[in-house]
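Below you'll find the structure, written out as structure tokens, and then a few comments.
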Amino acid sequence: DRGLGWLVLCFVGVSSGVVCSLVDIGADWATDLKLGRCGRGWWMSKAACCVDSTDFAGCPEWTAWAGGEGLVALAAYAVLGTGMASLAAWLTRELAIDAAGSGIAEIKVVLGGCVLPRFLGFWTLVVKTMGVILSVGSGLSIGKEGPMIHISACIGSLWCRLFPRFRRSQALQRELLSSAAAAGMGVAFGAPIGGVLFSLEEASTYFPPRTMWKAFFCATAGVATVQYFHRLPVSGKLALFEVHFHSQWKWFEMPTFAVIGALGGILGSLVIRLILFFSSLRKTSSLNHHPVSEIITICLITSAIHWHIPLLRGGTNGLIAALFSDCSLDQGPERRGVWP
């Protein structure tokens, strides 16, 4: 019985890693689809299409819509992005309303002892996975990190149903869900220890030492699976924030770093206040009763803004890659394919 528990943890971790890799590949493809298509196959992202090209920005096998500029290219970018976001909203509303949102708050409730029917079901897993791919690919300012925790919890719940020992014990189920939450955070950031700390500090209400080791094992199995897909040319980097230092910082740069940090804190506080304001506004407006129309409106506005700022066209992953890339006068991020 003890060996079965570790085996199920391995299954949950590997399954979470596979789904996370599929989400990464699908989101990259959906993001690039708004900008053009690959001549080698419509299912290939730009990174996969131009993996053998020495000039990523001028890859001959990649064809941009209408040459990549003009009203036709803008229309394709906006229509495809809006269509993806609308499809994600429609699937959530019609098939699995429990897939809405990040799911982290509900995971805390479940681990606290409450029962939420269908929240960890099969269709919630399917719709959540498809919704993340479509939503991230549409260009909306959202990420896969929070939803991956919900997805991993769904995977853990489904594995529990296959074994009578876990079906009969609520304690074992919650222990497995705590480990699954750690795996979800771990595969999202490529950091198994970070996933364990998240489950310990944020998600779980009861986290004994034995659960810590199980969560670490589950998260490590998931990250190892993502690492396997990382070796393939169609996947991205394992770690979301990967920094390579090619030059030493200077002391005179310290005031600039301090100012940037202060501005980040001020802008972060402003963003939180704006989110709270618009959240309260949505509850009293008619948009609250028309979620698909709301998504279409937001996505059209977002697409119009992103189109006029080329750095934002490549999605969140491209923006983070540009942020953590070395820049120089002779070789900027656009020459390495970070910018579209």
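How things are named: the first chain in the structure tokens is A, the next is B, and so on; residues count from 1 in each chain; ligands count from 1 in the order shown.
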
Skip segment 185-190 of chain A itself and residues of its chain fewer than 2 positions away, then list as a VMD selection string all residues within 10 Å of it, counting only C-alpha atoms. chain A and resid 13 to 14 16 to 21 23 to 24 143 to 150 152 180 to 183 192 to 199 215 to 216 218 to 227 237 to 241

What parts of segment 8-214 of chain A does DSSP call strand (DSSP E)? I'd like the answer as a compact mmCIF listing (two decimals) with all heavy atoms, in the first residue's frame.
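Printed below is states_10.txt as written:
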# COMPACT_ATOMS: atom_id res chain seq x y z
N GLY A 36 0.93 34.80 -38.35
CA GLY A 36 1.23 34.18 -39.63
C GLY A 36 1.11 32.67 -39.54
O GLY A 36 0.52 32.13 -38.60
N ARG A 37 1.69 31.99 -40.50
CA ARG A 37 1.62 30.53 -40.53
C ARG A 37 2.94 29.97 -41.05
O ARG A 37 3.72 30.67 -41.71
CB ARG A 37 0.48 30.05 -41.42
CG ARG A 37 0.64 30.44 -42.88
CD ARG A 37 -0.49 29.91 -43.74
NE ARG A 37 -0.32 30.26 -45.15
CZ ARG A 37 0.39 29.55 -46.00
NH1 ARG A 37 1.01 28.45 -45.58
NH2 ARG A 37 0.50 29.91 -47.26
N CYS A 38 3.14 28.69 -40.78
CA CYS A 38 4.36 28.02 -41.20
C CYS A 38 4.11 27.29 -42.51
O CYS A 38 3.10 26.59 -42.67
CB CYS A 38 4.82 27.03 -40.12
SG CYS A 38 6.29 26.08 -40.56
N TRP A 62 8.45 30.96 -42.76
CA TRP A 62 7.34 31.56 -42.01
C TRP A 62 6.72 32.68 -42.84
O TRP A 62 7.42 33.57 -43.33
CB TRP A 62 7.82 32.11 -40.67
CG TRP A 62 6.72 32.73 -39.86
CD1 TRP A 62 6.42 34.06 -39.76
CD2 TRP A 62 5.77 32.04 -39.05
NE1 TRP A 62 5.35 34.24 -38.93
CE2 TRP A 62 4.92 33.01 -38.48
CE3 TRP A 62 5.55 30.70 -38.76
CZ2 TRP A 62 3.88 32.68 -37.63
CZ3 TRP A 62 4.51 30.37 -37.91
CH2 TRP A 62 3.69 31.36 -37.36
N THR A 63 5.41 32.64 -43.02
CA THR A 63 4.70 33.62 -43.82
C THR A 63 3.78 34.43 -42.93
O THR A 63 2.86 33.88 -42.32
CB THR A 63 3.87 32.95 -44.93
OG1 THR A 63 4.73 32.14 -45.74
CG2 THR A 63 3.19 33.99 -45.80
N ALA A 64 4.03 35.73 -42.84
CA ALA A 64 3.18 36.60 -42.03
C ALA A 64 1.93 36.96 -42.81
O ALA A 64 1.95 37.06 -44.04
CB ALA A 64 3.94 37.86 -41.64

Closest contacts (segment 125-210 of chain A/segment 85-93 of chain A, max 7 Å, only C-alpha atoms) as a tab-separated table:
residue	atom	partner	partner_atom	distance
A:Val127	CA	A:Thr92	CA	6.4
A:Gly131	CA	A:Ala88	CA	4.7
A:Leu134	CA	A:Ala88	CA	6.0
A:Ser135	CA	A:Ala85	CA	5.2
A:Ser138	CA	A:Ala85	CA	5.7

Quick check, in Å to one decimal: how far apart do atom CA of Ala48 of chain A and atom CA of Pro310 of chain A lie? 20.8 Å

I need the residues of segment 9-213 of chain A that end up classed as alpha helix (DSSP H) by DSSP on the backbone, written out as a PyMOL selection string. chain A and resi 9-33+46-49+71-94+104-111+122-138+145-161+164-167+170-189+192-198+209-213

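Among the candidates A:Ile266, A:Leu4, A:Cys59, A:Leu74, the residue lying nearest to Arg40 of chain A is A:Cys59 (atoms considered: only C-alpha atoms).
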
Measure the distance from atom CA of Met130 of chain A to atom CA of Leu111 of chain A in Å and round it to one decimal. 24.8 Å

Pick from A:Cys49, A:Leu176, A:Pro291, A:Arg118 nearest to Phe207 of chain A, counting only C-alpha atoms: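 Of all the options, A:Leu176 lies closest to Phe207 of chain A.
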
Take atom CA of Ile133 of chain A and atom CA of Arg313 of chain A and report the distance between them in Å, one decimal.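 So the answer is 16.1 Å.
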
Taking 6 positions as the minimum chain separation for residues in the same chain, which residues sit within 9 Å of Trp123 of chain A when counting only C-alpha atoms? Answer as a list in words.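 Returned residues: Leu95, Ala96 and Ala99 of chain A.
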
Contacts of segment 26-35 of chain A at 7 Å (only C-alpha atoms; same-chain gap of 6+ positions) as a PyMOL selection string: chain A and resi 44-46+64-65+68+76-77+80-81+133-134+136-139+314-315
